[in-house]
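S.K.: Structure: entry.txt, compact mmCIF, C-alpha atoms.
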# COMPACT_ATOMS: atom_id res chain seq x y z
CA MET A 1 0.00 0.00 0.00
CA ILE A 2 1.27 3.49 -0.88
CA THR A 3 0.20 6.32 1.41
CA PRO A 4 -0.75 9.43 -0.63
CA LYS A 5 1.99 11.62 0.84
CA PRO A 6 1.52 14.68 -1.43
CA LEU A 7 -2.18 14.68 -0.55
CA LEU A 8 -1.44 14.46 3.16
CA ARG A 9 1.06 17.33 2.97
CA ARG A 10 -1.60 19.53 1.35
CA GLN A 11 -4.32 18.46 3.76
CA LEU A 12 -2.57 18.47 7.14
CA ASN A 13 -2.48 14.64 7.35
CA LEU A 14 -6.20 14.40 6.56
CA ALA A 15 -7.98 12.53 3.81
CA THR A 16 -11.50 11.48 2.91
CA ARG A 17 -12.53 7.92 2.20
CA HIS A 18 -13.09 8.91 -1.43
CA GLN A 19 -9.52 10.25 -1.70
CA LEU A 20 -8.01 7.17 -0.06
CA ALA A 21 -9.94 4.88 -2.38
CA ALA A 22 -8.84 6.94 -5.40
CA SER A 23 -5.24 6.44 -4.21
CA GLY A 24 -5.71 2.66 -4.38
CA ILE A 25 -6.20 1.97 -0.69
CA PRO A 26 -8.80 -0.82 -0.16
CA ASP A 27 -11.76 -0.30 2.15
CA GLY A 28 -10.53 -3.17 4.33
CA THR A 29 -7.21 -1.44 4.90
CA ILE A 30 -8.95 1.79 5.88
CA THR A 31 -11.15 -0.12 8.33
CA SER A 32 -8.28 -2.05 9.91
CA ARG A 33 -6.05 0.99 10.28
CA THR A 34 -8.75 3.01 12.02
CA ARG A 35 -9.55 0.38 14.66
CA PRO A 36 -8.78 1.35 18.29
CA GLY A 37 -5.01 1.46 18.69
CA GLY A 38 -4.45 1.68 14.95
CA PRO A 39 -2.22 4.27 13.22
CA TRP A 40 -5.15 6.24 11.77
CA GLN A 41 -8.17 7.94 13.31
CA ARG A 42 -11.70 8.51 12.07
CA LEU A 43 -12.36 12.15 12.96
CA LEU A 44 -15.70 12.56 11.19
CA PRO A 45 -17.83 10.36 8.93
CA ARG A 46 -15.68 9.59 5.86
CA VAL A 47 -12.84 11.82 7.14
CA TYR A 48 -9.62 10.33 8.53
CA LEU A 49 -6.53 11.64 10.32
CA LEU A 50 -3.50 9.63 9.24
CA GLN A 51 -1.46 10.04 12.43
CA THR A 52 -1.54 8.68 15.97
CA GLY A 53 -1.43 11.98 17.87
CA PRO A 54 -4.49 14.10 18.62
CA PRO A 55 -5.63 16.63 16.01
CA ASP A 56 -4.93 20.32 16.51
CA HIS A 57 -7.48 23.08 15.91
CA ARG A 58 -6.40 23.53 12.27
CA GLN A 59 -6.91 19.86 11.53
CA ARG A 60 -10.34 19.88 13.14
CA ALA A 61 -11.31 22.92 11.07
CA LEU A 62 -10.08 21.35 7.84
CA ALA A 63 -11.81 18.07 8.70
CA ALA A 64 -15.12 19.97 8.78
CA VAL A 65 -14.46 21.30 5.28
CA LEU A 66 -13.50 17.82 4.02
CA TYR A 67 -16.72 16.43 5.46
CA ALA A 68 -18.82 19.07 3.67
CA ALA A 69 -17.00 19.23 0.32
CA GLU A 70 -18.36 17.30 -2.63
CA PRO A 71 -16.51 13.96 -2.79
CA ALA A 72 -15.06 14.38 -6.28
CA ALA A 73 -14.05 18.03 -5.81
CA ASP A 74 -10.75 19.41 -4.54
CA PRO A 75 -11.71 20.37 -0.97
CA LEU A 76 -8.96 22.99 -0.79
CA SER A 77 -10.36 24.92 -3.74
CA GLY A 78 -13.12 26.55 -1.71
CA GLU A 79 -15.56 25.82 -4.51
CA THR A 80 -17.96 23.42 -2.78
CA ALA A 81 -17.32 23.92 0.94
CA VAL A 82 -15.70 26.70 2.96
CA LEU A 83 -15.28 27.40 6.67
CA THR A 84 -17.12 30.42 8.08
CA GLY A 85 -18.54 31.83 11.32
CA ALA A 86 -16.91 31.29 14.70
CA ALA A 87 -14.58 28.51 13.52
CA ALA A 88 -13.14 30.75 10.79
CA LEU A 89 -12.76 33.65 13.21
CA ALA A 90 -10.99 31.38 15.72
CA LEU A 91 -8.40 30.52 13.06
CA LEU A 92 -7.75 34.25 12.69
CA GLY A 93 -7.05 34.52 16.41
CA ILE A 94 -10.30 36.16 17.49
CA ARG A 95 -10.71 35.43 21.19
CA ASP A 96 -13.62 33.80 22.98
CA VAL A 97 -15.34 32.27 19.97
CA PRO A 98 -16.13 28.54 19.93
CA HIS A 99 -14.22 26.22 17.60
CA THR A 100 -17.12 23.78 17.39
CA PRO A 101 -19.54 23.16 15.93
CA ALA A 102 -17.84 24.41 12.78
CA ASP A 103 -20.07 26.32 10.37
CA VAL A 104 -19.33 25.34 6.77
CA LEU A 105 -20.97 26.92 3.74
CA VAL A 106 -22.17 24.69 0.91
CA ARG A 107 -23.72 25.87 -2.34
CA ALA A 108 -27.52 25.98 -2.42
CA PRO A 109 -29.61 24.06 -3.28
CA ARG A 110 -27.29 21.29 -2.08
CA ARG A 111 -28.26 19.88 1.31
CA LEU A 112 -25.95 18.03 3.67
CA THR A 113 -26.76 16.32 6.94
CA GLY A 114 -25.28 18.10 9.92
CA ILE A 115 -23.43 16.35 12.73
CA PRO A 116 -22.51 17.59 16.23
CA GLU A 117 -19.10 18.80 15.01
CA VAL A 118 -20.22 20.40 11.72
CA ARG A 119 -23.15 22.66 10.77
CA PRO A 120 -23.49 22.83 6.97
CA LEU A 121 -25.13 26.09 5.85
CA ALA A 122 -26.55 26.20 2.33
CA THR A 123 -26.16 29.60 0.67
CA ALA A 124 -26.89 31.19 -2.68
CA ARG A 125 -24.47 34.04 -1.83
CA TRP A 126 -21.22 32.19 -2.44
CA PRO A 127 -18.37 34.27 -0.99
CA ARG A 128 -14.87 35.09 -2.08
CA THR A 129 -12.60 32.67 -0.24
CA ILE A 130 -9.12 32.70 1.26
CA ALA A 131 -6.86 30.11 2.89
CA VAL A 132 -6.23 30.58 6.61
CA SER A 133 -3.52 28.26 7.95
CA GLY A 134 -4.24 25.91 5.04
CA VAL A 135 -8.01 25.86 5.60
CA PRO A 136 -10.41 27.23 2.93
CA SER A 137 -12.31 30.02 4.67
CA THR A 138 -14.55 32.95 3.93
CA ARG A 139 -13.06 36.42 4.24
CA PRO A 140 -13.23 37.79 7.80
CA VAL A 141 -16.08 40.16 6.95
CA ARG A 142 -18.30 37.28 5.80
CA ALA A 143 -17.21 35.05 8.68
CA ALA A 144 -18.18 37.81 11.12
CA ALA A 145 -21.59 38.25 9.49
CA ASP A 146 -22.24 34.50 9.48
CA PHE A 147 -21.22 34.35 13.14
CA ALA A 148 -23.65 37.15 14.01
CA SER A 149 -26.45 35.41 12.14
CA ARG A 150 -26.16 32.33 14.37
CA ALA A 151 -25.33 34.00 17.70
CA ALA A 152 -28.05 34.63 20.27
CA ASP A 153 -26.20 36.59 22.97
CA PRO A 154 -26.13 40.35 22.21
CA ALA A 155 -23.01 40.83 24.35
CA ARG A 156 -21.17 38.10 22.44
CA ILE A 157 -22.20 39.64 19.11
CA ARG A 158 -21.03 43.06 20.26
CA SER A 159 -17.70 41.76 21.58
CA THR A 160 -16.85 39.54 18.62
CA LEU A 161 -17.65 42.10 15.92
CA ALA A 162 -15.58 44.67 17.82
CA HIS A 163 -12.64 42.26 18.04
CA VAL A 164 -12.76 41.55 14.30
CA VAL A 165 -12.65 45.25 13.44
CA GLN A 166 -10.14 46.13 16.16
CA ALA A 167 -7.78 43.41 14.92
CA GLY A 168 -7.87 45.00 11.47
CA TRP A 169 -9.51 42.07 9.69
CA CYS A 170 -12.18 44.28 8.12
CA HIS A 171 -13.33 47.89 7.93
CA PRO A 172 -16.50 48.76 9.85
CA GLN A 173 -18.16 50.16 6.72
CA ASP A 174 -17.49 46.87 4.88
CA LEU A 175 -18.90 44.90 7.80
CA HIS A 176 -21.98 47.11 7.86
CA ALA A 177 -22.46 46.52 4.12
CA GLU A 178 -22.08 42.75 4.55
CA LEU A 179 -24.61 42.67 7.37
CA ARG A 180 -27.01 44.68 5.24
CA ALA A 181 -26.54 42.32 2.27
CA ALA A 182 -27.31 39.39 4.57
CA ARG A 183 -30.43 41.23 5.82
CA LEU A 184 -29.17 41.04 9.39
CA LEU A 185 -29.56 44.72 10.31
CA THR A 186 -33.21 44.06 11.13
CA ARG A 187 -32.00 42.35 14.31
CA PRO A 188 -31.60 44.97 17.07
CA ALA A 189 -28.47 43.45 18.63
CA ILE A 190 -26.65 43.25 15.31
CA ARG A 191 -27.79 46.70 14.19
CA ALA A 192 -26.60 48.25 17.49
CA ALA A 193 -23.20 46.56 17.30
CA ALA A 194 -22.70 47.59 13.67
CA SER A 195 -23.72 51.18 14.42
CA GLU A 196 -21.13 51.41 17.20
CA LEU A 197 -18.38 50.24 14.90
CA VAL A 198 -19.35 52.70 12.16
CA ALA A 199 -19.27 55.45 14.78
CA GLY A 200 -15.66 54.56 15.61
CA VAL A 201 -16.07 52.34 18.67
CA ARG A 202 -13.54 49.49 18.70
CA SER A 203 -13.99 47.60 21.98
CA ILE A 204 -16.59 46.56 24.52
CA ALA A 205 -15.20 49.08 27.03
CA GLU A 206 -15.58 51.83 24.44
CA ALA A 207 -19.10 50.62 23.66
CA LEU A 208 -20.03 50.84 27.35
CA ALA A 209 -18.53 54.31 27.49
CA ARG A 210 -20.56 55.30 24.46
CA ASP A 211 -23.71 53.99 26.18
CA ALA A 212 -22.96 56.10 29.23
CA LEU A 213 -22.16 59.24 27.19
CA THR A 214 -25.24 58.89 24.99
CA ALA A 215 -27.41 59.12 28.10
CA THR A 216 -25.91 62.52 29.02
CA ASP A 217 -25.93 66.02 27.56
CA LEU A 218 -22.16 65.98 26.98
CA PRO A 219 -20.90 66.78 23.47
CA THR A 220 -20.40 63.84 21.11
CA PRO A 221 -16.72 62.82 20.92
CA LEU A 222 -14.65 61.40 18.10
CA TRP A 223 -13.82 57.75 18.68
CA ASN A 224 -10.26 56.58 18.01
CA ALA A 225 -9.33 59.78 16.19
CA ARG A 226 -5.68 60.03 15.14
CA LEU A 227 -4.15 63.21 16.57
CA TYR A 228 -1.21 65.05 15.02
CA THR A 229 0.87 68.05 16.00
CA PRO A 230 0.78 71.07 13.66
CA ASP A 231 4.01 69.91 11.97
CA GLY A 232 2.39 66.56 11.06
CA THR A 233 3.93 64.38 13.78
CA PHE A 234 1.61 61.63 15.05
CA LEU A 235 0.68 62.26 18.67
CA ALA A 236 -1.74 59.58 19.84
CA SER A 237 -5.13 57.99 19.18
CA PRO A 238 -7.22 58.35 22.35
CA ASP A 239 -10.30 56.20 22.77
CA ALA A 240 -12.56 59.27 22.79
CA TYR A 241 -11.64 62.85 21.95
CA TRP A 242 -13.49 66.18 22.14
CA PRO A 243 -11.64 68.35 19.57
CA ASP A 244 -13.30 71.66 20.46
CA GLU A 245 -12.44 71.31 24.14
CA GLY A 246 -9.16 69.39 23.84
CA VAL A 247 -10.28 66.63 26.23
CA ALA A 248 -9.50 62.91 25.84
CA LEU A 249 -10.80 59.74 27.46
CA GLU A 250 -8.28 56.90 27.73
CA ILE A 251 -9.59 53.44 28.69
CA ASP A 252 -6.62 51.43 29.95
CA SER A 253 -7.05 47.73 30.66
CA ALA A 254 -4.80 46.00 33.18
CA GLU A 255 -4.66 43.09 30.71
CA TYR A 256 -2.24 45.12 28.59
CA HIS A 257 -0.19 46.52 31.49
CA TYR A 258 1.33 43.37 32.95
CA THR A 259 4.81 44.41 31.86
CA ARG A 260 6.83 47.44 32.84
CA ASP A 261 7.26 48.41 29.17
CA ALA A 262 3.51 48.39 28.53
CA TRP A 263 2.81 50.57 31.54
CA HIS A 264 5.65 52.91 30.56
CA ALA A 265 4.19 53.23 27.04
CA THR A 266 0.77 54.15 28.47
CA LEU A 267 2.24 56.85 30.72
CA LEU A 268 4.34 58.18 27.84
CA ARG A 269 1.23 58.43 25.62
CA ARG A 270 -0.59 60.39 28.32
CA LEU A 271 2.43 62.64 28.79
CA ARG A 272 2.50 63.40 25.05
CA LEU A 273 -1.19 64.31 25.10
CA GLU A 274 -0.85 66.54 28.15
CA SER A 275 2.28 68.23 26.76
CA HIS A 276 0.12 69.49 23.90
CA GLY A 277 -2.56 70.94 26.14
CA ILE A 278 -4.97 67.99 26.09
CA LEU A 279 -6.77 67.21 29.34
CA VAL A 280 -6.97 63.46 29.92
CA VAL A 281 -9.40 61.33 31.91
CA SER A 282 -8.07 57.80 32.45
CA ALA A 283 -10.34 54.91 33.40
CA THR A 284 -10.28 51.13 33.40
CA PRO A 285 -12.96 49.00 31.73
CA SER A 286 -14.25 48.04 35.18
CA MET A 287 -14.68 51.73 36.07
CA ILE A 288 -16.66 52.27 32.87
CA ARG A 289 -18.81 49.25 33.73
CA ASP A 290 -19.24 49.67 37.49
CA THR A 291 -18.89 53.41 38.21
CA PRO A 292 -19.74 55.24 34.97
CA THR A 293 -21.16 58.24 36.83
CA GLN A 294 -17.73 59.01 38.31
CA VAL A 295 -16.11 58.84 34.87
CA ILE A 296 -18.83 61.09 33.43
CA ALA A 297 -18.37 63.56 36.31
CA ALA A 298 -14.63 63.78 35.63
CA LEU A 299 -15.24 64.33 31.93
CA ARG A 300 -17.86 66.97 32.63
CA THR A 301 -15.43 68.87 34.88
CA LEU A 302 -12.63 68.86 32.29
CA LEU A 303 -14.98 69.78 29.45
CA THR A 304 -16.20 72.73 31.53
CA LEU A 305 -12.66 73.80 32.43
CA ALA A 306 -11.63 73.58 28.79
CA THR A 307 -14.01 76.38 27.81
CA THR A 308 -12.08 78.89 29.93
CA ARG A 309 -8.59 78.01 28.73
CA PRO A 310 -6.88 80.90 26.95
CA THR A 311 -4.75 78.74 24.66
CA PRO A 312 -6.25 75.92 22.54
CA PRO A 313 -4.50 72.54 22.41
CA THR A 314 -1.79 72.21 19.78
CA ALA A 315 -3.19 68.95 18.40
CA GLN A 316 -5.28 68.30 15.32
CA ALA A 317 -7.57 65.36 14.47
CA ARG A 318 -6.72 64.53 10.87
CA GLY A 319 -8.28 62.06 8.48
CA HIS A 320 -11.16 61.38 10.85
CA GLN A 321 -14.75 62.06 9.90
CA GLN A 322 -17.34 62.53 12.62
CA LEU A 323 -19.77 59.79 11.68
CA GLN A 324 -23.38 59.67 12.75
CA LEU A 325 -24.11 57.95 16.05
CA PHE A 326 -27.05 55.80 15.04
CA PRO A 327 -29.90 55.61 17.58
CA ARG A 328 -30.19 52.10 19.01
CA ASP A 329 -33.86 51.90 18.14
CA ALA A 330 -33.44 53.16 14.55
Show this structure as structure tokens.
M.R.:
Amino acid sequence: MITPKPLLRRQLNLATRHQLAASGIPDGTITSRTRPGGPWQRLLPRVYLLQTGPPDHRQRALAAVLYAAEPAADPLSGETAVLTGAAALALLGIRDVPHTPADVLVRAPRRLTGIPEVRPLATARWPRTIAVSGVPSTRPVRAAADFASRAADPARIRSTLAHVVQAGWCHPQDLHAELRAARLLTRPAIRAAASELVAGVRSIAEALARDALTATDLPTPLWNARLYTPDGTFLASPDAYWPDEGVALEIDSAEYHYTRDAWHATLLRRLRLESHGILVVSATPSMIRDTPTQVIAALRTLLTLATTRPTPPTAQARGHQQLQLFPRDA
């Protein structure tokens, strides 16, 4: 028997029964080698892992695509089956999304029986595809939309979409367009999350801050504006910025300050802002969540003080458009 080594190199040591048979491996050999204690493993119906060690997350993701692909097609082509949703986002490094069950798109009107590990989703809107760690996947913007379509928890939708945009995998306007094309903006949780991202919000802490600010009479800030000195030198990108008053809100998570260098960088950023006349309110995500009134009070004080300052801040928000803050019930 000759093991199809080129195939296994392409497919992370995975193969379907159809591929093994096409390579000349008899059914009896497949059965004997996948018995308990044998050198191969049956991961999914008709999908085998040709190694003794446990599969990693990439192999499990690719196994889902192999299960869903048409038997005679090249499963790596992305033509008949492609990973999407949470499993695709997990491959990109998005945190706190489940690896299983893996959502896999198949072309409508084809129907495929789902199993606990794989949810086949028939679609007439076949996406452009990419390879992520060797696994055929939808682009991040489509994976995020497909995730949102299946998620029930508004907080999880909000967090995951923010992570996808914050990580740079897609632009918020492109995500908004994809959600509209999928007719998902009729769902309040998805519409609210998309509106926050279009407005410039990039994290759950910022979203909570936006909630708190929207309930007040304070001016609307710019979110994640890039600030420059008059000579064009980049200064900083505070989480929220009031350009007329020269006031910034910085939300600093302890998660990113475990090292001395990270904490030093945060203090240096604040020093740069203050050296150019910008008044800074610093808060942690827990302060935004648990004591928002104190954060609002500090902002209100600085915004009031800013109106009496004789010299305006020497910082300019460039390349940032103040986008509409969509009402949550719109």
S.K.: Tell me, in Å to one decimal, how far CA of Ala88 in chain A is from CA of Ile251 in chain A.
M.R.: 29.1 Å
S.K.: Provide the CA of Asp231 in chain A to CA of Val281 in chain A distance in Å, to one decimal place.
M.R.: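 About the pair CA of Asp231 in chain A and CA of Val281 in chain A: they are 25.5 Å apart.
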S.K.: Leaving out range 270-276 of chain A and any residue of its chain fewer than 4 positions from it, which residues lie within 7 Å of it when counting all atoms listed in the file, given as an mmCIF file with C-alpha atoms, keeping the file's coordinate frame?
M.R.:
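This went into out26.cif:
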data_model
loop_
_atom_site.group_PDB
_atom_site.id
_atom_site.type_symbol
_atom_site.label_atom_id
_atom_site.label_comp_id
_atom_site.auth_asym_id
_atom_site.auth_seq_id
_atom_site.Cartn_x
_atom_site.Cartn_y
_atom_site.Cartn_z
ATOM 1 C CA LEU A 235 0.680 62.260 18.670
ATOM 2 C CA THR A 266 0.770 54.150 28.470
ATOM 3 C CA PRO A 313 -4.500 72.540 22.410
ATOM 4 C CA THR A 314 -1.790 72.210 19.780
ATOM 5 C CA ALA A 315 -3.190 68.950 18.400
#
S.K.: Can you tell me, as a tab-separated table (two decimals) with C-alpha atoms, keeping the file's coordinate frame, what residues are no more than 7 Å from Val97 in chain A when counting only C-alpha atoms, ignoring any on the same chain fewer than 3 positions away?
M.R.:
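Result went into around.tsv, see below:
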chain	number	residue	atom	x	y	z
A	86	ALA	CA	-16.91	31.29	14.70
A	90	ALA	CA	-10.99	31.38	15.72
A	94	ILE	CA	-10.30	36.16	17.49
S.K.: Return as a Markdown table the residues of range 19-121 of chain A lying at most 9 Å from range 141-154 of chain A, together with the closest atom-to-atom pair for each and the distance in Å to one decimal, counting all atoms listed in the file, with rows in chain order and ascending residue number.
M.R.:
| residue | atom | partner | partner_atom | distance |
| --- | --- | --- | --- | --- |
| A:Leu83 | CA | A:Ala143 | CA | 8.1 |
| A:Thr84 | CA | A:Ala143 | CA | 4.7 |
| A:Gly85 | CA | A:Phe147 | CA | 4.1 |
| A:Ala86 | CA | A:Phe147 | CA | 5.5 |
| A:Ala87 | CA | A:Ala143 | CA | 8.6 |
| A:Ala88 | CA | A:Ala143 | CA | 6.3 |
| A:Leu89 | CA | A:Ala143 | CA | 6.5 |
| A:Asp103 | CA | A:Asp146 | CA | 8.5 |
S.K.: Could you turn the residues from that selection into a file that holds C-alpha atoms, as a CSV table (one decimal), keeping the file's coordinate frame?
M.R.:
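Resulting contents of result_6.csv:
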chain,number,residue,atom,x,y,z
A,83,LEU,CA,-15.3,27.4,6.7
A,84,THR,CA,-17.1,30.4,8.1
A,85,GLY,CA,-18.5,31.8,11.3
A,86,ALA,CA,-16.9,31.3,14.7
A,87,ALA,CA,-14.6,28.5,13.5
A,88,ALA,CA,-13.1,30.8,10.8
A,89,LEU,CA,-12.8,33.6,13.2
A,103,ASP,CA,-20.1,26.3,10.4
S.K.: Given all atoms listed in the file as the basis, pick out the residue of A:Thr291, A:Ala155, A:Pro101, A:Leu62 nearest to Ala192 in chain A.
M.R.: A:Ala155
S.K.: Could you give me, as an MDAnalysis selection string, the residues within 6 Å of Ala69 in chain A, counting only C-alpha atoms and dropping anything in the same chain fewer than 6 positions from it?
M.R.: chainID A and resid 75 80:81
S.K.: Between CA of Gly53 in chain A and CA of Val132 in chain A, what is the distance, to one decimal in Å?
M.R.: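 Distance between the two atoms: 22.3 Å.
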S.K.: Can you pull out every residue within 6 Å of range 222-226 of chain A, counting all atoms listed in the file, but drop anything in the same chain fewer than 5 positions away, and send it as a ChimeraX atom specification?
M.R.: /A:200-201,237-241,317,320
S.K.: Take the point (-16.1, 47.2, 4.7) as written in the file and pick out every residue within 12 Å of it, counting only C-alpha atoms; give the list as JSON, numbers by chain.
M.R.: {"A": [139, 140, 141, 142, 144, 145, 164, 165, 168, 169, 170, 171, 172, 173, 174, 175, 176, 177, 178, 179, 180, 181, 194, 197, 198]}
S.K.: So, counting all atoms listed in the file, which residue among A:Leu92, A:Ile204, A:Ala102, A:Val118 is closest to Ala167 in chain A?
M.R.: A:Leu92
S.K.: Do you know which residues are at most 8 Å from Arg46 in chain A counting all atoms listed in the file, after dropping those on the same chain fewer than 2 positions away, and could you put them as a ChimeraX atom specification?
M.R.: /A:16-18,42,44,48,67
S.K.: So, counting all atoms listed in the file, which residue among A:Pro36, A:Gly24, A:Pro136, A:Pro98 is closest to Glu79 in chain A?
M.R.: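 Of the candidates, the smallest distance to Glu79 in chain A is held by A:Pro136.
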S.K.: Could you give me, as number ranges by chain, the residues that have an atom at most 9 Å away from the point (-9.6, 25.5, -0.8) in the coordinates of the file, using all atoms listed in the file?
M.R.: A: 65, 74-82, 129-131, 134-137
S.K.: Taking into account only C-alpha atoms, which residue in the set A:Arg289, A:Arg309, A:Arg119, A:Arg300 is nearest to Trp242 in chain A?
M.R.: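 Of the candidates, the smallest distance to Trp242 in chain A is held by A:Arg300.
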S.K.: Let me make sure I understand: among A:Pro45, A:Asp96, A:Gln11, A:Ala262, which one has the smallest atom-to-atom distance to Gln59 in chain A if we use all atoms listed in the file?
M.R.: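 For Gln59 in chain A, the nearest of the given residues is A:Gln11.
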S.K.: Return as JSON the box centre and box size in Å, one decimal, for an axis-aligned box around all listed atoms of range 196-210 of chain A padded by 4 Å per side.
M.R.:
{"center_x": -17.3, "center_y": 51.0, "center_z": 19.8, "size_x": 15.6, "size_y": 16.9, "size_z": 23.3}
